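Enquirer: Coordinates in protein.cif, mmCIF, C-alpha atoms and all ligand atoms, are listed below.
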data_final
loop_
_atom_site.label_atom_id
_atom_site.label_comp_id
_atom_site.auth_asym_id
_atom_site.auth_seq_id
_atom_site.Cartn_x
_atom_site.Cartn_y
_atom_site.Cartn_z
CA MET A 991 117.68 125.21 84.35
CA LEU A 992 121.18 124.21 85.30
CA GLN A 993 123.55 125.03 82.45
CA LYS A 994 126.91 124.30 83.97
CA ILE A 995 128.51 122.96 87.10
CA SER A 996 132.20 122.88 88.01
CA ILE A 997 133.23 120.58 90.79
CA THR A 998 136.55 120.88 92.58
CA HIS A 999 137.69 118.44 95.27
CA PHE A 1000 134.12 117.46 96.11
CA LYS A 1001 133.96 113.78 97.15
CA ASN A 1002 135.69 111.62 94.52
CA TYR A 1003 136.09 114.54 92.08
CA ASP A 1004 139.38 116.27 91.52
CA PHE A 1005 138.26 118.89 89.03
CA LYS A 1006 135.51 118.44 86.50
CA SER A 1007 133.19 120.73 84.62
CA PHE A 1008 129.87 119.75 83.01
CA ASN A 1009 127.78 121.70 80.54
CA PHE A 1010 124.10 120.89 80.12
CA THR A 1011 122.04 122.06 77.20
CA LYS A 1012 118.99 119.81 77.37
CA ASN A 1013 116.13 119.17 79.72
CA VAL A 1014 116.74 115.45 80.14
CA ILE A 1015 120.24 114.40 81.11
CA GLY A 1016 121.33 110.80 81.50
CA ILE A 1017 124.42 110.24 83.63
CA CYS A 1018 126.12 106.91 82.94
CA GLY A 1019 129.12 105.09 84.27
CA LEU A 1020 130.26 102.17 86.34
CA ASN A 1021 129.64 101.67 90.05
CA GLY A 1022 131.64 104.08 92.17
CA ILE A 1023 132.53 106.42 89.31
CA GLY A 1024 130.74 109.48 90.77
CA LYS A 1025 127.19 109.52 89.37
CA THR A 1026 125.51 109.95 92.74
CA ASN A 1027 128.20 112.43 93.76
CA LEU A 1028 127.42 114.56 90.72
CA LEU A 1029 123.74 114.63 91.66
CA ASP A 1030 124.72 115.48 95.21
CA ALA A 1031 126.90 118.36 94.00
CA ILE A 1032 123.85 119.76 92.18
CA TYR A 1033 121.72 119.17 95.26
CA TYR A 1034 124.33 120.94 97.36
CA CYS A 1035 124.10 124.08 95.23
CA CYS A 1036 120.33 124.15 95.80
CA PHE A 1037 120.28 123.33 99.52
CA THR A 1038 123.71 124.45 100.79
CA LYS A 1039 124.28 120.92 102.00
CA SER A 1040 124.65 117.35 100.90
CA TYR A 1041 121.59 115.16 100.68
CA PHE A 1042 123.47 112.21 102.10
CA THR A 1043 125.42 113.59 105.04
CA ASN A 1044 125.31 116.42 107.53
CA THR A 1045 129.03 116.09 108.15
CA ASP A 1046 130.53 118.49 105.67
CA SER A 1047 134.07 117.14 106.02
CA LEU A 1048 132.87 113.91 104.36
CA ASN A 1049 132.14 115.91 101.21
CA VAL A 1050 135.73 117.04 100.89
CA ASN A 1051 137.90 114.79 98.78
CA PHE A 1052 139.84 112.59 101.20
CA GLU A 1053 143.15 113.83 99.82
CA LYS A 1054 142.27 117.53 99.84
CA GLU A 1055 141.61 120.35 102.29
CA GLY A 1056 138.36 121.82 101.02
CA PHE A 1057 136.04 121.90 98.02
CA ARG A 1058 134.46 124.35 95.62
CA LEU A 1059 131.24 124.13 93.62
CA GLU A 1060 130.30 126.59 90.94
CA ALA A 1061 126.92 126.36 89.23
CA TYR A 1062 125.28 128.43 86.51
CA PHE A 1063 121.51 128.48 86.33
CA LYS A 1064 119.17 130.16 83.91
CA ASN A 1065 115.68 130.58 85.30
CA ASN A 1066 113.14 132.69 83.42
CA GLU A 1067 115.91 134.17 81.26
CA GLU A 1068 117.77 135.28 84.34
CA GLU A 1069 121.31 133.97 84.74
CA GLN A 1070 122.49 133.10 88.18
CA LYS A 1071 125.83 131.97 89.46
CA ILE A 1072 126.16 130.01 92.66
CA ILE A 1073 129.53 129.59 94.29
CA CYS A 1074 130.12 127.48 97.33
CA ILE A 1075 133.53 127.30 98.93
CA ASN A 1076 134.43 125.06 101.80
CA ARG A 1077 137.99 125.82 102.90
CA GLY A 1078 137.98 123.05 105.43
CA THR A 1079 138.04 125.58 108.26
CA GLY A 1080 134.46 125.08 109.39
CA LYS A 1081 132.34 127.91 108.05
CA LYS A 1082 131.64 127.74 104.34
CA GLU A 1083 131.08 130.61 101.94
CA PHE A 1084 128.00 130.58 99.79
CA SER A 1085 127.13 133.25 97.26
CA VAL A 1086 124.64 133.91 94.47
CA ASN A 1087 125.81 136.34 91.78
CA ASP A 1088 128.78 137.17 94.02
CA ILE A 1089 126.58 138.26 96.90
CA GLN A 1090 127.24 136.22 99.99
CA TYR A 1091 124.45 135.17 102.31
CA GLU A 1092 124.49 136.13 105.94
CA LYS A 1093 122.67 132.93 106.79
CA LEU A 1094 122.69 129.84 104.61
CA SER A 1095 118.98 129.32 105.33
CA GLN A 1096 118.23 132.36 103.13
CA HIS A 1097 119.13 130.25 100.12
CA ILE A 1098 116.56 127.50 100.77
CA GLY A 1099 113.73 127.54 98.27
CA LYS A 1100 115.41 129.87 95.79
CA PHE A 1101 116.59 126.97 93.64
CA PRO A 1102 113.93 124.32 94.22
CA ALA A 1103 114.98 120.72 93.65
CA VAL A 1104 113.74 117.23 94.39
CA ILE A 1105 115.99 114.20 94.66
CA ILE A 1106 114.94 110.56 94.58
CA ALA A 1107 117.64 108.21 95.85
CA PRO A 1108 117.50 104.46 96.50
CA ASP A 1109 117.55 104.73 100.30
CA ASP A 1110 114.63 107.14 100.25
CA VAL A 1111 112.30 104.19 100.55
CA GLU A 1112 113.05 104.72 104.25
CA ILE A 1113 110.45 107.48 104.12
CA ILE A 1114 107.96 104.63 103.90
CA THR A 1115 109.66 101.86 105.85
CA GLY A 1116 111.70 103.83 108.38
CA GLY A 1117 110.86 105.74 111.53
CA SER A 1118 108.73 108.86 111.77
CA GLU A 1119 111.85 111.03 111.62
CA ASP A 1120 112.25 110.21 107.93
CA ARG A 1121 108.69 111.31 107.22
CA ARG A 1122 109.10 114.55 109.16
CA ARG A 1123 112.25 115.24 107.19
CA TYR A 1124 110.27 114.66 104.00
CA LEU A 1125 107.62 117.17 105.07
CA ASP A 1126 110.16 119.66 106.37
CA THR A 1127 112.14 119.62 103.12
CA ILE A 1128 109.01 120.52 101.21
CA ILE A 1129 107.64 123.18 103.50
CA CYS A 1130 111.02 124.83 104.07
CA GLN A 1131 111.32 125.45 100.35
CA LEU A 1132 107.89 127.06 100.27
CA ASP A 1133 107.77 128.98 103.49
CA ASP A 1134 110.68 130.96 105.00
CA GLU A 1135 108.81 131.40 108.24
CA TYR A 1136 108.50 127.64 108.65
CA LEU A 1137 112.25 127.06 108.53
CA HIS A 1138 112.76 129.89 110.98
CA GLN A 1139 110.22 128.46 113.43
CA LEU A 1140 111.63 124.97 113.05
CA ILE A 1141 115.15 126.12 113.90
CA MET A 1142 113.75 127.98 116.91
CA TYR A 1143 111.63 125.03 118.07
CA ASN A 1144 114.58 122.63 117.91
CA LYS A 1145 116.80 125.03 119.80
CA ILE A 1146 114.27 125.59 122.59
CA MET A 1147 113.48 121.91 122.81
CA GLN A 1148 117.15 121.14 123.29
CA GLN A 1149 117.28 123.70 126.08
CA ARG A 1150 114.22 122.09 127.65
CA ASN A 1151 115.82 118.65 127.44
CA SER A 1152 119.06 119.87 129.03
CA LEU A 1153 117.02 121.45 131.78
CA LEU A 1154 115.18 118.18 132.41
CA LYS A 1155 118.54 116.41 132.61
CA ARG A 1156 119.83 118.99 135.08
CA PHE A 1157 116.71 118.52 137.23
CA ALA A 1158 117.38 114.79 137.34
CA GLU A 1159 121.07 115.26 138.19
CA HIS A 1160 120.39 117.72 140.99
CA GLY A 1161 117.26 115.98 142.21
CA ASN A 1162 115.17 119.16 142.26
CA VAL A 1163 112.85 120.86 139.81
CA ASP A 1164 112.68 124.55 139.00
CA LYS A 1165 109.07 124.64 137.86
CA THR A 1166 109.12 128.37 137.11
CA LEU A 1167 112.05 128.02 134.75
CA LEU A 1168 110.43 125.06 133.04
CA ASP A 1169 107.24 127.08 132.58
CA VAL A 1170 109.21 129.87 130.93
CA ILE A 1171 110.71 127.41 128.47
CA ASN A 1172 107.31 125.80 127.88
CA GLN A 1173 105.92 129.19 126.96
CA GLN A 1174 108.73 129.71 124.46
CA LEU A 1175 108.13 126.32 122.91
CA ILE A 1176 104.38 126.67 122.49
CA ASN A 1177 104.33 129.31 119.81
CA PRO A 1178 106.77 127.77 117.30
CA GLY A 1179 105.20 124.37 117.99
CA LYS A 1180 101.76 125.69 117.16
CA ILE A 1181 102.91 127.44 114.00
CA ILE A 1182 104.75 124.37 112.74
CA PHE A 1183 101.73 122.19 113.46
CA GLU A 1184 99.37 124.49 111.57
CA LYS A 1185 101.70 124.74 108.60
CA ARG A 1186 102.27 120.98 108.46
CA ASP A 1187 98.54 120.45 108.69
CA SER A 1188 97.80 122.87 105.90
CA TYR A 1189 100.61 121.70 103.58
CA THR A 1190 99.77 118.02 104.00
CA LYS A 1191 96.20 118.84 102.98
CA LYS A 1192 97.59 120.18 99.71
CA LEU A 1193 100.08 117.37 99.35
CA ILE A 1194 97.88 114.32 99.96
CA PRO A 1195 95.64 114.65 96.88
CA LEU A 1196 98.79 115.07 94.78
CA ILE A 1197 100.36 111.92 96.25
CA GLU A 1198 97.18 109.95 95.56
CA ASN A 1199 97.01 111.25 92.06
CA PHE A 1200 100.60 110.28 91.26
CA TYR A 1201 100.26 106.88 92.88
CA TYR A 1202 97.25 106.03 90.74
CA LYS A 1203 99.03 107.35 87.70
CA ILE A 1204 102.07 105.13 88.28
CA ALA A 1205 100.21 102.05 89.50
CA ASP A 1206 97.37 102.42 87.01
CA ASN A 1207 94.95 100.47 89.18
CA ASN A 1208 92.71 101.02 92.13
CA GLU A 1209 94.88 99.97 95.03
CA ALA A 1210 93.21 101.72 97.94
CA ILE A 1211 95.76 104.02 99.46
CA ALA A 1212 95.27 106.58 102.20
CA PHE A 1213 97.41 109.09 104.08
CA ASN A 1214 97.01 110.72 107.45
CA TYR A 1215 99.01 113.41 109.10
CA VAL A 1216 99.20 112.55 112.79
CA SER A 1217 100.20 114.95 115.56
CA HIS A 1218 99.75 115.13 119.33
CA LEU A 1219 98.55 118.67 118.73
CA GLN A 1220 95.45 117.37 116.97
CA THR A 1221 94.07 116.02 120.23
CA GLU A 1222 94.97 118.76 122.66
CA ILE A 1223 96.48 122.24 122.72
CA PHE A 1224 100.26 122.19 123.14
CA GLU A 1225 100.20 123.99 126.48
CA ASN A 1226 98.03 121.29 128.03
CA LEU A 1227 100.10 118.51 126.50
CA LEU A 1228 103.24 119.90 128.13
CA THR A 1229 101.46 120.08 131.48
CA GLN A 1230 100.12 116.55 131.14
CA THR A 1231 103.50 115.03 130.28
CA TYR A 1232 105.42 117.02 132.89
CA GLN A 1233 106.11 114.08 135.20
CA ARG A 1234 106.89 111.67 132.41
CA ASP A 1235 109.29 114.20 130.88
CA CYS A 1236 111.11 114.56 134.20
CA ILE A 1237 111.57 110.80 134.38
CA LEU A 1238 112.57 110.42 130.73
CA GLN A 1239 114.70 113.58 130.89
CA ARG A 1240 113.42 114.67 127.52
CA THR A 1241 110.37 116.22 125.91
CA SER A 1242 107.95 113.44 125.05
CA THR A 1243 105.26 115.47 123.37
CA GLY A 1244 105.21 117.99 120.56
CA ILE A 1245 105.59 118.34 116.84
CA HIS A 1246 108.92 116.51 116.94
CA LYS A 1247 106.78 113.37 117.35
CA ASP A 1248 104.56 114.04 114.33
CA ASP A 1249 104.11 111.35 111.71
CA VAL A 1250 102.39 110.63 108.45
CA HIS A 1251 100.63 107.29 108.18
CA PHE A 1252 100.49 105.57 104.81
CA LEU A 1253 97.82 102.93 104.32
CA LEU A 1254 97.25 100.33 101.61
CA ASN A 1255 93.85 98.66 101.77
CA SER A 1256 93.48 100.04 105.30
CA GLN A 1257 96.68 98.35 106.51
CA PRO A 1258 100.01 100.03 107.24
CA PHE A 1259 101.68 100.42 103.88
CA LYS A 1260 105.13 99.49 105.13
CA THR A 1261 104.09 96.10 106.42
CA ILE A 1262 102.01 94.86 103.52
CA ALA A 1263 103.20 96.60 100.36
CA SER A 1264 105.48 94.82 97.90
CA GLN A 1265 108.83 96.37 97.02
CA GLY A 1266 107.48 97.64 93.74
CA GLN A 1267 104.48 99.17 95.47
CA ARG A 1268 106.77 100.86 97.97
CA LYS A 1269 108.88 102.22 95.18
CA SER A 1270 105.73 103.44 93.43
CA LEU A 1271 104.65 105.22 96.59
CA LEU A 1272 108.10 106.72 96.96
CA PHE A 1273 107.83 108.19 93.48
CA ALA A 1274 104.34 109.44 94.23
CA LEU A 1275 105.62 111.16 97.39
CA LYS A 1276 108.50 112.78 95.57
CA LEU A 1277 106.56 113.81 92.50
CA ALA A 1278 103.87 115.30 94.71
CA GLN A 1279 106.64 117.28 96.37
CA TYR A 1280 107.83 118.30 92.93
CA GLN A 1281 104.36 119.32 91.79
CA LEU A 1282 103.65 121.35 94.91
CA LEU A 1283 106.94 123.23 94.52
CA LYS A 1284 106.20 123.79 90.88
CA ASN A 1285 102.73 125.17 91.63
CA CYS A 1286 104.17 127.65 94.11
CA LYS A 1287 107.32 128.79 92.31
CA SER A 1288 107.74 130.73 89.12
CA TYR A 1289 110.00 128.09 87.60
CA ASN A 1290 110.33 124.31 87.53
CA PRO A 1291 112.29 122.57 90.24
CA ILE A 1292 115.20 120.38 89.20
CA LEU A 1293 114.56 116.67 89.47
CA LEU A 1294 117.45 114.39 90.44
CA LEU A 1295 116.80 110.68 89.95
CA ASP A 1296 119.40 108.32 91.30
CA ASP A 1297 119.23 104.63 90.29
CA VAL A 1298 115.51 104.60 89.66
CA PHE A 1299 115.45 101.58 87.39
CA GLU A 1300 115.24 99.02 90.16
CA LYS A 1301 112.15 97.17 91.31
CA LEU A 1302 109.58 98.86 89.11
CA ASP A 1303 108.00 96.80 86.35
CA GLU A 1304 108.29 98.03 82.79
CA LYS A 1305 104.81 99.44 82.65
CA ARG A 1306 105.16 101.44 85.83
CA MET A 1307 108.58 102.66 84.72
CA TYR A 1308 107.26 103.73 81.35
CA ARG A 1309 104.32 105.66 82.84
CA LEU A 1310 106.62 107.27 85.36
CA LEU A 1311 109.24 108.39 82.87
CA HIS A 1312 106.58 109.48 80.46
CA TRP A 1313 105.29 111.91 83.04
CA ILE A 1314 108.73 113.00 84.19
CA CYS A 1315 110.33 113.51 80.79
CA LYS A 1316 107.41 114.31 78.49
CA GLU A 1317 104.41 115.71 80.31
CA ASN A 1318 106.60 117.73 82.61
CA GLU A 1319 108.77 120.59 81.39
CA GLY A 1320 111.44 120.75 84.06
CA GLN A 1321 115.04 119.65 83.90
CA VAL A 1322 115.74 116.07 84.94
CA PHE A 1323 118.99 114.29 85.76
CA ILE A 1324 118.89 110.49 85.69
CA THR A 1325 121.74 108.15 86.60
CA ASP A 1326 122.17 104.61 85.38
CA THR A 1327 125.01 102.13 85.06
CA HIS A 1328 123.68 100.95 81.66
CA LYS A 1329 124.13 103.55 78.97
CA GLN A 1330 122.30 101.48 76.37
CA ARG A 1331 119.32 100.96 78.67
CA LEU A 1332 118.98 104.72 79.09
CA ILE A 1333 119.30 105.33 75.37
CA ASN A 1334 116.69 102.66 74.59
CA ILE A 1335 114.19 103.95 77.11
CA PHE A 1336 114.41 107.49 75.82
CA GLU A 1337 114.22 106.35 72.23
CA GLU A 1338 110.99 104.54 73.05
CA LEU A 1339 109.69 107.64 74.80
CA GLU A 1340 110.87 109.83 71.93
CA VAL A 1341 112.72 112.09 74.32
CA ASP A 1342 115.79 114.04 73.29
CA VAL A 1343 118.34 113.09 75.93
CA GLU A 1344 121.84 114.37 76.62
CA ILE A 1345 124.15 111.60 77.80
CA VAL A 1346 127.00 112.34 80.20
CA GLN A 1347 129.45 109.47 80.28
CA LEU A 1348 131.60 109.38 83.41
N1 LIG A 1401 135.14 112.49 100.41
C1 LIG A 1401 135.48 111.63 99.45
N2 LIG A 1401 136.71 111.64 98.93
C2 LIG A 1401 137.08 110.77 97.96
N3 LIG A 1401 136.26 109.83 97.46
C3 LIG A 1401 135.02 109.78 97.96
C4 LIG A 1401 134.55 110.66 98.97
N4 LIG A 1401 133.28 110.34 99.27
C5 LIG A 1401 132.95 109.33 98.46
N5 LIG A 1401 133.99 108.97 97.67
C6 LIG A 1401 134.05 107.92 96.68
O1 LIG A 1401 133.10 108.15 95.67
C7 LIG A 1401 132.75 106.91 95.11
C8 LIG A 1401 131.25 106.76 95.02
O2 LIG A 1401 130.77 107.63 94.10
P1 LIG A 1401 129.23 107.57 93.76
O3 LIG A 1401 128.43 107.18 94.93
O4 LIG A 1401 128.92 108.87 93.13
O5 LIG A 1401 129.25 106.39 92.71
P2 LIG A 1401 128.14 105.99 91.68
O6 LIG A 1401 128.67 106.27 90.32
O7 LIG A 1401 126.86 106.60 92.06
O8 LIG A 1401 128.12 104.42 91.90
P3 LIG A 1401 126.88 103.36 91.92
O9 LIG A 1401 126.61 103.02 90.50
O10 LIG A 1401 127.45 102.23 92.67
O11 LIG A 1401 125.74 104.02 92.61
C9 LIG A 1401 133.25 105.82 96.03
O12 LIG A 1401 134.31 105.17 95.42
C10 LIG A 1401 133.66 106.58 97.26
O13 LIG A 1401 134.71 105.99 97.90
MG MG A 1402 125.15 105.86 92.85
#
Starting from the file, lay out its structure as C-alpha cells.
Ligand SMILES: Nc1ncnc2c1ncn2[C@@H]1O[C@H](COP(=O)(O)OP(=O)(O)OP(=O)(O)O)[C@@H](O)[C@H]1O
Ligand SMILES: [Mg+2]
Expert:
Amino acid sequence: MLQKISITHFKNYDFKSFNFTKNVIGICGLNGIGKTNLLDAIYYCCFTKSYFTNTDSLNVNFEKEGFRLEAYFKNNEEEQKIICINRGTGKKEFSVNDIQYEKLSQHIGKFPAVIIAPDDVEIITGGSEDRRRYLDTIICQLDDEYLHQLIMYNKIMQQRNSLLKRFAEHGNVDKTLLDVINQQLINPGKIIFEKRDSYTKKLIPLIENFYYKIADNNEAIAFNYVSHLQTEIFENLLTQTYQRDCILQRTSTGIHKDDVHFLLNSQPFKTIASQGQRKSLLFALKLAQYQLLKNCKSYNPILLLDDVFEKLDEKRMYRLLHWICKENEGQVFITDTHKQRLINIFEELEVDVEIVQL
C-alpha cells in the first residue's frame, strides 16, 4: 500500500506531498490540473519510468532542471522508501530503502502495479506492438529472466538489422557473420516465445472471466496468441526469410512480430465491437493482468484508473467498480473531473473513499 508520495518538479508539479490512508482514493480536479500526472508519478516509482513517455526529459517540469519522487510503501507490514532523482544529466538515481540499484531493471516487479488510461484502448484497436507491450509489461513483472532475455533479443536484433543494412550498402553478404548473429538470436527468441505462450495460457481464462463479469452476457469472445514460432522452429524461419530480410534490410520474422488476436463472435474484435464493448475488453485485459500479478505476488498490486467513467453504461460501471473496490482488497487510485460523481458512486457502493482534491 502506498502511504505517501512527495513530488518535486515532476511534470506540472512544483512541490507537493500526498498522504494516503485508505484503500480507495479518488483524485478530483479540473482538466489539466495534474490528476494523470499524479498517477504517472506513482507508476514511475513502480516501474522506474513514465507510463506515457520514454523521453525522461518530458517528465521534468518545463521550468526546472530535474525532478525527485519519494514514495513510502507498506507491504506486509514492511515499510519501504523509494527515491528517484533525475538531475537532468541523463542517468537517474533510483533507490529502495537508501540502497541504489545497479540496473533499473532490478526494480521491475517488486512493486507491482496496473494502470488503465484512456488511450489504452489502443491495445485492442492499435497495431500488434501495443499488444506485445501489454504482454511484456505483465511477464516482466513476474519473471526476471524474461526481461533479461527481451533486452538481449532486442539488442541482437538491432545488430542483425544494422548488418543487413551494411550488406545492402556494400552490395555483398557475409553469410558466416549473419549465421553467428542468427545463432545468438535463436535462444532468447525461443525462451521469450515459450514464456509468452505459457503466460497467455494463464491469462486468457482470466480475461474471459472478467469480460463476462463486466458485460454480464454471453457475447462470444475468444483470444489467440499468434507467433511465427508456432509454425516452425526459429532457426528455420531465419533461414527461410534470409533473402527477404536482405531486401528489406531488417529481420522480418521472430517474436517481435507476435500478436494476440481478440475475437467477438468469431470476427476481429477491433472491427466489430462497439466503444463500450472495447472499453469492457480493455478492463478485462487489465484486470486479468492485475489478477495474475496478484496470484503470483505476496501482496496486492496497485491499481491506477485514469478517467474510467467514459463510454461504459451504468450497469457495467457498477459491476466493474464493485469488483475493483469491494471484492478486491488492493489499493486503488481513481481520477475524475467530477468530485460529486465519485462521491455518489462510492456512496452507492458503500465504499469508504478518500478524496484528494487538486
Ligand atoms: N514537463 C512538464 N512541465 C510542466 N507542465 C507539464 C509537463 N508535462 C505536462 N505538463 C502539464 O500538465 C498538465 C496536464 O496534467 P494532467 O494530464 O495530469 O491533467 P489532468 O488533471 O489529468 O487533466 P484531464 O482531466 O484533462 O485528464 C498540462 O497542463 C500540461 O501542460
Ligand atoms: Mg488526465
Enquirer: Find the residues near ligand LIG 1401 (chain A). Use a cut-off of 9 Å, count all atoms listed in the file, and write them as a PDB file with C-alpha atoms, in the frame of the given file.
Expert:
ATOM      1  CA  HIS A 999     137.690 118.440  95.270  1.00  0.00           C
ATOM      2  CA  PHE A1000     134.120 117.460  96.110  1.00  0.00           C
ATOM      3  CA  LYS A1001     133.960 113.780  97.150  1.00  0.00           C
ATOM      4  CA  ASN A1002     135.690 111.620  94.520  1.00  0.00           C
ATOM      5  CA  TYR A1003     136.090 114.540  92.080  1.00  0.00           C
ATOM      6  CA  ASP A1004     139.380 116.270  91.520  1.00  0.00           C
ATOM      7  CA  ILE A1017     124.420 110.240  83.630  1.00  0.00           C
ATOM      8  CA  CYS A1018     126.120 106.910  82.940  1.00  0.00           C
ATOM      9  CA  GLY A1019     129.120 105.090  84.270  1.00  0.00           C
ATOM     10  CA  LEU A1020     130.260 102.170  86.340  1.00  0.00           C
ATOM     11  CA  ASN A1021     129.640 101.670  90.050  1.00  0.00           C
ATOM     12  CA  GLY A1022     131.640 104.080  92.170  1.00  0.00           C
ATOM     13  CA  ILE A1023     132.530 106.420  89.310  1.00  0.00           C
ATOM     14  CA  GLY A1024     130.740 109.480  90.770  1.00  0.00           C
ATOM     15  CA  LYS A1025     127.190 109.520  89.370  1.00  0.00           C
ATOM     16  CA  THR A1026     125.510 109.950  92.740  1.00  0.00           C
ATOM     17  CA  ASN A1027     128.200 112.430  93.760  1.00  0.00           C
ATOM     18  CA  LEU A1028     127.420 114.560  90.720  1.00  0.00           C
ATOM     19  CA  LEU A1029     123.740 114.630  91.660  1.00  0.00           C
ATOM     20  CA  ASP A1030     124.720 115.480  95.210  1.00  0.00           C
ATOM     21  CA  SER A1047     134.070 117.140 106.020  1.00  0.00           C
ATOM     22  CA  LEU A1048     132.870 113.910 104.360  1.00  0.00           C
ATOM     23  CA  ASN A1049     132.140 115.910 101.210  1.00  0.00           C
ATOM     24  CA  VAL A1050     135.730 117.040 100.890  1.00  0.00           C
ATOM     25  CA  ASN A1051     137.900 114.790  98.780  1.00  0.00           C
ATOM     26  CA  PHE A1052     139.840 112.590 101.200  1.00  0.00           C
ATOM     27  CA  GLU A1053     143.150 113.830  99.820  1.00  0.00           C
ATOM     28  CA  LYS A1054     142.270 117.530  99.840  1.00  0.00           C
ATOM     29  CA  ASP A1296     119.400 108.320  91.300  1.00  0.00           C
ATOM     30  CA  ASP A1297     119.230 104.630  90.290  1.00  0.00           C
ATOM     31  CA  THR A1325     121.740 108.150  86.600  1.00  0.00           C
ATOM     32  CA  ASP A1326     122.170 104.610  85.380  1.00  0.00           C
ATOM     33  CA  THR A1327     125.010 102.130  85.060  1.00  0.00           C
ATOM     34  CA  LEU A1348     131.600 109.380  83.410  1.00  0.00           C
TER      35      LEU A1348
END
Enquirer: Quote the spacing between atom CA of Gln1347 of chain A and atom CA of Arg1331 of chain A in Å to one decimal place.
Expert: 13.3 Å
Enquirer: Counting only C-alpha atoms and all ligand atoms, figure out which residue out of A:Ile1292, A:Ala1107, A:Leu1228, A:Leu1311 gets nearest to ligand MG 1402 (chain A).
Expert: A:Ala1107
Enquirer: Rounded to one decimal in Å, what is the spacing between atom CA of Gly1016 of chain A and atom CA of Lys1329 of chain A?
Expert: 8.2 Å
Enquirer: Counting all atoms listed in the file, what are the residues of segment 1244-1291 of chain A within 9 Å of segment 1194-1211 of chain A, and for each of them which pair of atoms is the nearest and at what distance in Å, to one decimal? Sort the table by chain and rising number, as a tab-separated table.
Expert:
residue	atom	partner	partner_atom	distance
A:Phe1252	CA	A:Ile1211	CA	7.3
A:Leu1253	CA	A:Ile1211	CA	5.4
A:Leu1254	CA	A:Ile1211	CA	4.5
A:Asn1255	CA	A:Ala1210	CA	4.9
A:Ser1256	CA	A:Ile1211	CA	7.4
A:Phe1259	CA	A:Ile1211	CA	8.2
A:Gln1267	CA	A:Ala1205	CA	7.9
A:Ser1270	CA	A:Tyr1201	CA	6.5
A:Leu1271	CA	A:Tyr1201	CA	6.0
A:Leu1272	CA	A:Tyr1201	CA	8.8
A:Phe1273	CA	A:Tyr1201	CA	7.7
A:Ala1274	CA	A:Phe1200	CA	4.8
A:Leu1275	CA	A:Ile1197	CA	5.4
A:Lys1276	CA	A:Ile1197	CA	8.2
A:Leu1277	CA	A:Phe1200	CA	7.0
A:Ala1278	CA	A:Leu1196	CA	5.1
A:Gln1279	CA	A:Ile1197	CA	8.3
A:Gln1281	CA	A:Leu1196	CA	7.6
A:Leu1282	CA	A:Leu1196	CA	7.9
Enquirer: Give me the residues near Phe1336 of chain A as a PyMOL selection string, where near means some atom within 12 Å (using all atoms listed in the file) and where sequence neighbours in that chain fewer than 3 positions away do not count.
Expert: chain A and resi 1014-1016+1307-1308+1311-1312+1314-1316+1324+1329-1333+1339-1345
Enquirer: Write out as a PyMOL selection string which residues come within 12 Å of Thr1221 of chain A when counting all atoms listed in the file, dropping same-chain ones fewer than 4 positions away.
Expert: chain A and resi 1183+1216-1217+1225-1227+1243-1244
Enquirer: Calculated over all atoms listed in the file, which of the candidates A:Ile1106, A:Ile1114, A:Asp1088, A:Lys1039 has the smallest distance to ligand MG 1402 (chain A)?
Expert: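 Answer, going by the shortest atom-to-atom distance: A:Ile1106.
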Enquirer: Please determine an axis-aligned box that encloses all atoms of segment 1278-1289 of chain A listed in the file, with 4 Å added on each side, and express its centre and edge lengths in Å to one decimal as lines of an AutoDock Vina configuration file.
Expert:
center_x = 106.4
center_y = 123.0
center_z = 92.0
size_x = 15.3
size_y = 23.4
size_z = 16.8
Enquirer: My list of candidates is A:Arg1240, A:Leu1295, A:Asn1214, A:Tyr1034. Which is closest to ligand MG 1402 (chain A) when distances are computed with all atoms listed in the file?
Expert: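 Checking each candidate against ligand MG 1402 (chain A), we get A:Leu1295 as the closest.
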Enquirer: Can you pull out the residues contacting segment 1185-1190 of chain A? Cut-off 12 Å, using all atoms listed in the file, and skip same-chain residues under 3 positions away; I want them as a VMD selection string.
Expert: chain A and resid 1121 to 1137 1139 to 1140 1178 to 1182 1193 to 1198 1213 to 1220 1245 to 1246 1248 to 1251 1275 1278 to 1279 1282 to 1283 1286
Enquirer: From the list A:Thr1261, A:Thr1241, A:Asp1109, A:Thr998, which residue is nearest Leu1153 of chain A when using all atoms listed in the file?
Expert: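 Counting all atoms listed in the file, the residue closest to Leu1153 of chain A is A:Thr1241.
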Enquirer: Pick from A:Tyr1232, A:Cys1074, A:Gly1099, A:Gly1116: nearest to Lys1287 of chain A, with all atoms listed in the file counted?
Expert: A:Gly1099
Enquirer: Measuring atom to atom with only C-alpha atoms, identify which of A:Leu1168, A:Met991, A:Leu1238, A:Val1346 is nearest to Asn1065 of chain A.
Expert: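 Smallest separation from Asn1065 of chain A among the options: A:Met991.
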Enquirer: Do a neighbour search on Pro1291 of chain A at 8 Å with all atoms listed in the file, toss out local chain neighbours closer than 3 positions, and write the hits as a ChimeraX atom specification.
Expert: /A:1101-1104,1280,1283-1284,1320-1321
Enquirer: Take atom CA of Lys1006 of chain A and atom CA of Phe1057 of chain A and report the distance between them in Å, one decimal.
Expert: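 These two atoms are separated by 12.0 Å.
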Enquirer: At a cut-off of 9 Å around the point (134.0, 121.2, 83.6) (file coordinates), what residues fall inside when counting all atoms listed in the file? I'd like the answer as JSON, numbers by chain.
Expert: {"A": [994, 995, 996, 997, 1005, 1006, 1007, 1008, 1009]}
